[in-house]
Structure formats: structure tokens, C-alpha cells
Amino acid sequence: MRPHPVALHDTPATPWRNGGGVARDLLAWPSNADWRLRISVAEIESDGPFSAYPGVQRRFAVLLGGGVALTIDGVEHLCRPGSEALQFSGAASVDCRRLDGPSRALNLLLRDLAGKMEAVVDGQSWTPALRQCGVYAMAEGRCVAGTEVIDMPAESLLWFTAPPATLGFHAARVSHGPVIGWWLAADIPGSEA
């Protein structure tokens with residue numbers, strides 16, 4: 001079955017458990033209530049601690065805004081648009097400080113699953129090494145999946161349960177930002193390798 005993009009603006013916002021912002025869940029597998037894979041976009045509106053997710057591996061990348069400083073178990077990491085995705089344990093003590101106003105961030109949360117989060121390079125092929133994968137497009141463009149071409153609006157997720165051997169993403173316009181999107185992958189049991 002051909003996947004369809006899930007647009008951020010069509011996804012309801014849920015307040016964070018700690019009150020520091022809102023998140024929009026683009027994908028939760030196998031269910032919203034009992035997920036092992038979760039992809040969300042967070043609006044970081046104030047400084048404060050992140051909620052703990054014991055048993056979960058997190059990947060985090062700033063999409064828009066001035067960025068944040070995350071102090072993870074006492075070590076500070078500066079995260080700005082264009083920075084590499086940060087990987088850390090959901091059980092870690094994480095304090096977030098905004099660097100210059102609100103920011104928007106992409107989160108990949110994995111419970112007992114292997115996963116990846118890598119920046120998209122415009123027009124460059126990407127080989128998914130795990131069983132399911134997708135792309136979060138920050139810019140409007142086209143995802144090339146084998147012989148298929150799928151149009152994507154800006155700020156949308158496209159997820160493949162049976163990915164082709166290679167994927168690519170082409171932005172419709174020249175991007176002024178350092179990153180036009182993020183490749184995401186998870187090794188979900190029972191999926192095609």
C-alpha cells in the first residue's frame with residue numbers, strides 16, 4: 001500500500017506532562033496508549049526538565065527557532081537547527097534551556113527497538129538499513145521511493161512499513177535552512193528487512 005504524508009498542521013497538539021510545551025504525535029506504533037515507536041514534533045515554549053521515559057532511547061533534533069541547551073545527566077549539549085541529532089536515554093535527567101526563544105524539535109522515541117535519525121541531503125540517495133523507515137520533510141518536496149515519486153508538503157512525515165532499497169528527497173525550492181529533513185528508521189519485528 002502506498003504511504004501518505006501526515007502533515008504536522010493536521011495533527012492535534014497535546015500538552016507535555018511537565019507543562020513546558022506541546023507535542024504532536026505523527027506516528028505511534030503499535031498504538032498511542034502502548035507505543036514502542038513514537039515520532040513527534042515538540043514546541044518547546046519554556047525552560048525546564050524533560051519528562052522521563054525509562055526503557056526508551058531518544059533521538060532529538062531542533063527543527064526551527066533559536067535552539068536549546070540540553071543538560072543530560074550533568075553534561076550540557078547545544079542543539080540548534082542544523083546540528084546532528086542527539087541520542088540519549090529516556091531515563092536520563094534532562095534539563096532544557098532555550099537559547100533564544102521558543103524552538104521546534106523532532107523526537108524519535110524507541111522502546112526496545114533499534115533506530116536511526118539522520119539529516120536528509122537534498123537529492124542524495126539514502127539506504128534504509130532497518131525494517132521500517134520514513135522521512136520528515138521540513139520543506140515541500142518529493143520523496144523518491146524506488147520507482148515511485150510521492151509529493152510531500154512542508155512539515156510532514158512519510159512512513160514506509162516495507163521500504164524500498166533506496167530513498168531520496170528533493171526539495172521543491174532552494175532551502176535557506178541547514179537541513180531540509182530527517183531520515184528516521186526503526187527495526188520493528190515482523191517487518192520486511
# chains A, B, ... in the order shown; residues from 1 in each chain; ligands from 1

call {"tool": "closest_atom_pairs", "arguments": {"of": "stretch 83-174 of chain A", "to": "stretch 17-41 of chain A", "cutoff": "10 Å", "atoms": "only C-alpha atoms", "output": "JSON lines"}}
result
{"residue": "A:Cys96", "atom": "CA", "partner": "A:Gly20", "partner_atom": "CA", "distance": 9.4}
{"residue": "A:Pro102", "atom": "CA", "partner": "A:Gly21", "partner_atom": "CA", "distance": 9.3}
{"residue": "A:Ser103", "atom": "CA", "partner": "A:Gly21", "partner_atom": "CA", "distance": 9.8}
{"residue": "A:Arg104", "atom": "CA", "partner": "A:Val41", "partner_atom": "CA", "distance": 6.9}
{"residue": "A:Ala105", "atom": "CA", "partner": "A:Val41", "partner_atom": "CA", "distance": 5.6}
{"residue": "A:Leu106", "atom": "CA", "partner": "A:Val41", "partner_atom": "CA", "distance": 4.6}
{"residue": "A:Asn107", "atom": "CA", "partner": "A:Ser40", "partner_atom": "CA", "distance": 5.2}
{"residue": "A:Leu108", "atom": "CA", "partner": "A:Ile39", "partner_atom": "CA", "distance": 4.8}
{"residue": "A:Leu109", "atom": "CA", "partner": "A:Arg38", "partner_atom": "CA", "distance": 5.1}
{"residue": "A:Leu110", "atom": "CA", "partner": "A:Leu37", "partner_atom": "CA", "distance": 4.8}
{"residue": "A:Arg111", "atom": "CA", "partner": "A:Arg36", "partner_atom": "CA", "distance": 4.6}
{"residue": "A:Asp112", "atom": "CA", "partner": "A:Arg36", "partner_atom": "CA", "distance": 7.1}
{"residue": "A:Leu113", "atom": "CA", "partner": "A:Arg36", "partner_atom": "CA", "distance": 7.3}
{"residue": "A:Ala114", "atom": "CA", "partner": "A:Leu37", "partner_atom": "CA", "distance": 9.9}
{"residue": "A:Gly115", "atom": "CA", "partner": "A:Leu37", "partner_atom": "CA", "distance": 9.2}
{"residue": "A:Tyr136", "atom": "CA", "partner": "A:Ile39", "partner_atom": "CA", "distance": 9.6}
{"residue": "A:Glu155", "atom": "CA", "partner": "A:Val41", "partner_atom": "CA", "distance": 9.5}
{"residue": "A:Ser156", "atom": "CA", "partner": "A:Leu26", "partner_atom": "CA", "distance": 8.3}
{"residue": "A:Leu157", "atom": "CA", "partner": "A:Leu26", "partner_atom": "CA", "distance": 6.9}
{"residue": "A:Leu158", "atom": "CA", "partner": "A:Leu26", "partner_atom": "CA", "distance": 9.4}
{"residue": "A:Trp159", "atom": "CA", "partner": "A:Leu27", "partner_atom": "CA", "distance": 8.5}

call {"tool": "residues_around", "arguments": {"residues": "A:Gly101", "least_positions_apart": "6", "cutoff": "9 Å", "atoms": "only C-alpha atoms", "output": "list of chain:residue names"}}
result
A:Ile44, A:Glu45, A:Ser46, A:Gly65, A:Gly66, A:Gly67, A:Val68

call {"tool": "closest_residue", "arguments": {"among": "A:Val179, A:Met117, A:Leu130, A:Val135", "to": "A:Ser83", "atoms": "only C-alpha atoms"}}
result
A:Val179

call {"tool": "residues_around", "arguments": {"residues": "stretch 164-168 of chain A", "least_positions_apart": "2", "cutoff": "6 Å", "atoms": "only C-alpha atoms", "output": "list of chain:residue names"}}
result
A:Gly123, A:Gln124, A:Ser125, A:Trp126, A:Thr127, A:Cys143, A:Val144, A:Ala145, A:Gly146

call {"tool": "write_last_selection", "arguments": {"atoms": "C-alpha atoms", "output": "compact mmCIF listing (two decimals), in the first residue's frame"}}
result
# COMPACT_ATOMS: atom_id res chain seq x y z
CA GLY A 123 18.82 14.75 -3.89
CA GLN A 124 21.18 12.24 -2.29
CA SER A 125 20.06 8.62 -2.01
CA TRP A 126 19.66 7.07 1.43
CA THR A 127 19.68 3.32 2.11
CA CYS A 143 10.25 11.63 -1.90
CA VAL A 144 11.63 9.18 -4.46
CA ALA A 145 10.97 5.64 -3.25
CA GLY A 146 12.31 3.19 -5.80

call {"tool": "closest_residue", "arguments": {"among": "A:Val56, A:Ile188, A:Leu78, A:Ala171", "to": "A:Val121", "atoms": "only C-alpha atoms"}}
result
A:Ala171

call {"tool": "closest_residue", "arguments": {"among": "A:Ala154, A:Pro128, A:Leu63, A:Ile72", "to": "A:Pro178", "atoms": "only C-alpha atoms"}}
result
A:Leu63

call {"tool": "closest_residue", "arguments": {"among": "A:Cys79, A:Val62, A:Val94, A:Ala129", "to": "A:Ile180", "atoms": "only C-alpha atoms"}}
result
A:Val62

call {"tool": "residues_around", "arguments": {"residues": "A:Arg97", "least_positions_apart": "3", "cutoff": "7 Å", "atoms": "only C-alpha atoms", "output": "list in words"}}
result
Asp47, Gly48, Val68, Ala69 and Leu70 of chain A

call {"tool": "atom_distance", "arguments": {"atom1": "atom CA of A:Arg131", "atom2": "atom CA of A:Asp187"}}
result
4.9 Å

call {"tool": "select_by_dssp", "arguments": {"residues": "chain A", "states": "strand (DSSP E)", "output": "PyMOL selection string"}}
result
chain A and resi 6-7+14-15+21-29+37-44+48-49+56-65+68-72+75-79+86-89+94-98+103-111+115-119+132-137+141-145+148-152+156-160+167-171+181-186

call {"tool": "atom_distance", "arguments": {"atom1": "atom CA of A:Ala92", "atom2": "atom CA of A:Pro49"}}
result
10.6 Å

call {"tool": "atom_distance", "arguments": {"atom1": "atom CA of A:Asp151", "atom2": "atom CA of A:Arg80"}}
result
27.4 Å

call {"tool": "closest_residue", "arguments": {"among": "A:Thr11, A:Gln132, A:Thr147, A:Ser89", "to": "A:Ala186", "atoms": "only C-alpha atoms"}}
result
A:Gln132

call {"tool": "closest_residue", "arguments": {"among": "A:Arg2, A:Leu99, A:Glu118, A:Leu64", "to": "A:Leu86", "atoms": "only C-alpha atoms"}}
result
A:Glu118

call {"tool": "decode", "arguments": {"residues": "stretch 37-181 of chain A", "atoms": "C-alpha atoms", "output": "PDB file, in the first residue's frame"}}
result
ATOM      1  CA  LEU A  37       7.943   3.623  18.413  1.00  0.00           C
ATOM      2  CA  ARG A  38       6.871   7.237  18.598  1.00  0.00           C
ATOM      3  CA  ILE A  39       7.686  10.122  16.259  1.00  0.00           C
ATOM      4  CA  SER A  40       6.603  13.548  17.429  1.00  0.00           C
ATOM      5  CA  VAL A  41       7.270  17.235  16.896  1.00  0.00           C
ATOM      6  CA  ALA A  42       7.548  19.318  20.062  1.00  0.00           C
ATOM      7  CA  GLU A  43       7.040  23.035  20.564  1.00  0.00           C
ATOM      8  CA  ILE A  44       9.461  23.989  23.361  1.00  0.00           C
ATOM      9  CA  GLU A  45       7.865  27.022  24.947  1.00  0.00           C
ATOM     10  CA  SER A  46       9.677  27.315  28.290  1.00  0.00           C
ATOM     11  CA  ASP A  47      12.764  26.157  30.147  1.00  0.00           C
ATOM     12  CA  GLY A  48      12.547  23.133  32.431  1.00  0.00           C
ATOM     13  CA  PRO A  49      13.066  19.387  32.777  1.00  0.00           C
ATOM     14  CA  PHE A  50      12.104  16.822  30.149  1.00  0.00           C
ATOM     15  CA  SER A  51       9.737  14.068  31.209  1.00  0.00           C
ATOM     16  CA  ALA A  52      11.441  10.759  31.963  1.00  0.00           C
ATOM     17  CA  TYR A  53      10.861   7.714  29.738  1.00  0.00           C
ATOM     18  CA  PRO A  54      12.627   4.776  31.423  1.00  0.00           C
ATOM     19  CA  GLY A  55      13.444   1.961  28.986  1.00  0.00           C
ATOM     20  CA  VAL A  56      13.287   4.313  25.978  1.00  0.00           C
ATOM     21  CA  GLN A  57      16.090   5.525  23.697  1.00  0.00           C
ATOM     22  CA  ARG A  58      15.547   9.070  22.445  1.00  0.00           C
ATOM     23  CA  ARG A  59      16.799  10.900  19.389  1.00  0.00           C
ATOM     24  CA  PHE A  60      16.270  14.657  19.251  1.00  0.00           C
ATOM     25  CA  ALA A  61      16.889  17.348  16.618  1.00  0.00           C
ATOM     26  CA  VAL A  62      15.965  21.037  16.621  1.00  0.00           C
ATOM     27  CA  LEU A  63      13.983  21.975  13.517  1.00  0.00           C
ATOM     28  CA  LEU A  64      13.275  25.689  13.972  1.00  0.00           C
ATOM     29  CA  GLY A  65      13.961  28.507  16.419  1.00  0.00           C
ATOM     30  CA  GLY A  66      16.960  29.599  18.418  1.00  0.00           C
ATOM     31  CA  GLY A  67      17.780  26.134  19.709  1.00  0.00           C
ATOM     32  CA  VAL A  68      18.172  24.693  23.172  1.00  0.00           C
ATOM     33  CA  ALA A  69      20.833  23.639  25.629  1.00  0.00           C
ATOM     34  CA  LEU A  70      20.075  20.177  26.983  1.00  0.00           C
ATOM     35  CA  THR A  71      21.877  19.241  30.185  1.00  0.00           C
ATOM     36  CA  ILE A  72      21.814  15.434  30.206  1.00  0.00           C
ATOM     37  CA  ASP A  73      22.996  13.814  33.433  1.00  0.00           C
ATOM     38  CA  GLY A  74      25.050  16.947  34.148  1.00  0.00           C
ATOM     39  CA  VAL A  75      26.618  17.370  30.674  1.00  0.00           C
ATOM     40  CA  GLU A  76      25.426  20.287  28.502  1.00  0.00           C
ATOM     41  CA  HIS A  77      24.735  19.805  24.762  1.00  0.00           C
ATOM     42  CA  LEU A  78      23.906  22.746  22.468  1.00  0.00           C
ATOM     43  CA  CYS A  79      21.247  21.851  19.884  1.00  0.00           C
ATOM     44  CA  ARG A  80      20.427  24.256  17.067  1.00  0.00           C
ATOM     45  CA  PRO A  81      18.793  23.897  13.655  1.00  0.00           C
ATOM     46  CA  GLY A  82      21.321  22.000  11.529  1.00  0.00           C
ATOM     47  CA  SER A  83      23.012  20.259  14.473  1.00  0.00           C
ATOM     48  CA  GLU A  84      23.343  16.476  14.382  1.00  0.00           C
ATOM     49  CA  ALA A  85      20.589  14.535  16.086  1.00  0.00           C
ATOM     50  CA  LEU A  86      21.310  13.932  19.753  1.00  0.00           C
ATOM     51  CA  GLN A  87      20.845  10.415  21.177  1.00  0.00           C
ATOM     52  CA  PHE A  88      20.239   9.801  24.889  1.00  0.00           C
ATOM     53  CA  SER A  89      18.445   7.543  27.339  1.00  0.00           C
ATOM     54  CA  GLY A  90      14.858   8.373  28.215  1.00  0.00           C
ATOM     55  CA  ALA A  91      15.751   7.561  31.826  1.00  0.00           C
ATOM     56  CA  ALA A  92      18.401  10.311  31.930  1.00  0.00           C
ATOM     57  CA  SER A  93      17.927  13.502  33.913  1.00  0.00           C
ATOM     58  CA  VAL A  94      17.414  16.145  31.193  1.00  0.00           C
ATOM     59  CA  ASP A  95      17.053  19.870  31.776  1.00  0.00           C
ATOM     60  CA  CYS A  96      16.195  22.116  28.813  1.00  0.00           C
ATOM     61  CA  ARG A  97      17.152  25.784  28.475  1.00  0.00           C
ATOM     62  CA  ARG A  98      16.013  27.769  25.443  1.00  0.00           C
ATOM     63  CA  LEU A  99      18.850  29.662  23.758  1.00  0.00           C
ATOM     64  CA  ASP A 100      16.774  32.345  22.037  1.00  0.00           C
ATOM     65  CA  GLY A 101      13.016  31.982  22.462  1.00  0.00           C
ATOM     66  CA  PRO A 102      10.776  29.038  21.535  1.00  0.00           C
ATOM     67  CA  SER A 103      12.027  26.180  19.358  1.00  0.00           C
ATOM     68  CA  ARG A 104      10.520  23.268  17.465  1.00  0.00           C
ATOM     69  CA  ALA A 105      12.133  19.820  17.705  1.00  0.00           C
ATOM     70  CA  LEU A 106      11.722  16.384  16.152  1.00  0.00           C
ATOM     71  CA  ASN A 107      11.718  13.376  18.508  1.00  0.00           C
ATOM     72  CA  LEU A 108      12.210   9.696  17.744  1.00  0.00           C
ATOM     73  CA  LEU A 109      11.449   7.533  20.790  1.00  0.00           C
ATOM     74  CA  LEU A 110      12.186   3.793  20.724  1.00  0.00           C
ATOM     75  CA  ARG A 111      11.298   1.230  23.399  1.00  0.00           C
ATOM     76  CA  ASP A 112      13.356  -1.973  22.931  1.00  0.00           C
ATOM     77  CA  LEU A 113      13.895  -1.209  19.234  1.00  0.00           C
ATOM     78  CA  ALA A 114      16.974  -0.207  17.242  1.00  0.00           C
ATOM     79  CA  GLY A 115      16.611   3.041  15.332  1.00  0.00           C
ATOM     80  CA  LYS A 116      18.279   5.846  13.386  1.00  0.00           C
ATOM     81  CA  MET A 117      17.841   9.548  12.748  1.00  0.00           C
ATOM     82  CA  GLU A 118      19.959  11.195  10.043  1.00  0.00           C
ATOM     83  CA  ALA A 119      19.818  14.526   8.222  1.00  0.00           C
ATOM     84  CA  VAL A 120      18.494  14.492   4.647  1.00  0.00           C
ATOM     85  CA  VAL A 121      20.865  15.704   1.952  1.00  0.00           C
ATOM     86  CA  ASP A 122      18.859  17.154  -0.951  1.00  0.00           C
ATOM     87  CA  GLY A 123      18.819  14.754  -3.890  1.00  0.00           C
ATOM     88  CA  GLN A 124      21.182  12.245  -2.285  1.00  0.00           C
ATOM     89  CA  SER A 125      20.058   8.616  -2.006  1.00  0.00           C
ATOM     90  CA  TRP A 126      19.659   7.068   1.435  1.00  0.00           C
ATOM     91  CA  THR A 127      19.679   3.324   2.110  1.00  0.00           C
ATOM     92  CA  PRO A 128      17.440   2.289   4.990  1.00  0.00           C
ATOM     93  CA  ALA A 129      19.237  -0.433   6.949  1.00  0.00           C
ATOM     94  CA  LEU A 130      16.284  -1.177   9.256  1.00  0.00           C
ATOM     95  CA  ARG A 131      12.878  -2.756   8.660  1.00  0.00           C
ATOM     96  CA  GLN A 132      10.720   0.372   8.621  1.00  0.00           C
ATOM     97  CA  CYS A 133      11.664   3.924   7.809  1.00  0.00           C
ATOM     98  CA  GLY A 134      10.451   7.315   6.765  1.00  0.00           C
ATOM     99  CA  VAL A 135      11.290  10.915   6.123  1.00  0.00           C
ATOM    100  CA  TYR A 136      10.243  14.061   7.944  1.00  0.00           C
ATOM    101  CA  ALA A 137      10.245  16.840   5.339  1.00  0.00           C
ATOM    102  CA  MET A 138      10.830  20.351   6.628  1.00  0.00           C
ATOM    103  CA  ALA A 139      10.492  21.752   3.118  1.00  0.00           C
ATOM    104  CA  GLU A 140       7.930  20.977   0.434  1.00  0.00           C
ATOM    105  CA  GLY A 141       9.299  18.416  -1.994  1.00  0.00           C
ATOM    106  CA  ARG A 142       9.209  14.919  -3.417  1.00  0.00           C
ATOM    107  CA  CYS A 143      10.249  11.626  -1.904  1.00  0.00           C
ATOM    108  CA  VAL A 144      11.630   9.184  -4.464  1.00  0.00           C
ATOM    109  CA  ALA A 145      10.972   5.641  -3.252  1.00  0.00           C
ATOM    110  CA  GLY A 146      12.305   3.193  -5.804  1.00  0.00           C
ATOM    111  CA  THR A 147      10.232   3.940  -8.917  1.00  0.00           C
ATOM    112  CA  GLU A 148       7.560   5.900  -7.020  1.00  0.00           C
ATOM    113  CA  VAL A 149       7.547   9.660  -6.537  1.00  0.00           C
ATOM    114  CA  ILE A 150       5.434  10.959  -3.654  1.00  0.00           C
ATOM    115  CA  ASP A 151       4.707  14.674  -3.210  1.00  0.00           C
ATOM    116  CA  MET A 152       5.144  15.929   0.350  1.00  0.00           C
ATOM    117  CA  PRO A 153       4.047  19.204   1.924  1.00  0.00           C
ATOM    118  CA  ALA A 154       6.448  21.018   4.220  1.00  0.00           C
ATOM    119  CA  GLU A 155       6.437  19.718   7.800  1.00  0.00           C
ATOM    120  CA  SER A 156       5.101  16.245   7.083  1.00  0.00           C
ATOM    121  CA  LEU A 157       6.061  12.630   7.786  1.00  0.00           C
ATOM    122  CA  LEU A 158       6.050   9.810   5.233  1.00  0.00           C
ATOM    123  CA  TRP A 159       6.456   6.310   6.729  1.00  0.00           C
ATOM    124  CA  PHE A 160       7.208   3.044   4.897  1.00  0.00           C
ATOM    125  CA  THR A 161       6.326  -0.302   6.507  1.00  0.00           C
ATOM    126  CA  ALA A 162       8.083  -2.089   3.631  1.00  0.00           C
ATOM    127  CA  PRO A 163      10.747   0.343   2.422  1.00  0.00           C
ATOM    128  CA  PRO A 164      12.390   0.237  -0.994  1.00  0.00           C
ATOM    129  CA  ALA A 165      16.144  -0.381  -1.257  1.00  0.00           C
ATOM    130  CA  THR A 166      16.870   3.341  -1.584  1.00  0.00           C
ATOM    131  CA  LEU A 167      15.061   6.570  -0.869  1.00  0.00           C
ATOM    132  CA  GLY A 168      15.700  10.153  -1.838  1.00  0.00           C
ATOM    133  CA  PHE A 169      14.186  13.540  -1.120  1.00  0.00           C
ATOM    134  CA  HIS A 170      14.245  16.599  -3.368  1.00  0.00           C
ATOM    135  CA  ALA A 171      13.156  19.998  -2.048  1.00  0.00           C
ATOM    136  CA  ALA A 172      10.822  21.973  -4.340  1.00  0.00           C
ATOM    137  CA  ARG A 173      12.723  25.213  -3.678  1.00  0.00           C
ATOM    138  CA  VAL A 174      16.180  26.191  -2.538  1.00  0.00           C
ATOM    139  CA  SER A 175      16.179  25.906   1.241  1.00  0.00           C
ATOM    140  CA  HIS A 176      17.585  28.668   3.409  1.00  0.00           C
ATOM    141  CA  GLY A 177      17.991  26.319   6.366  1.00  0.00           C
ATOM    142  CA  PRO A 178      20.885  23.955   7.034  1.00  0.00           C
ATOM    143  CA  VAL A 179      18.711  20.795   6.954  1.00  0.00           C
ATOM    144  CA  ILE A 180      15.686  20.097   4.713  1.00  0.00           C
ATOM    145  CA  GLY A 181      14.514  16.973   6.519  1.00  0.00           C
TER     146      GLY A 181
END
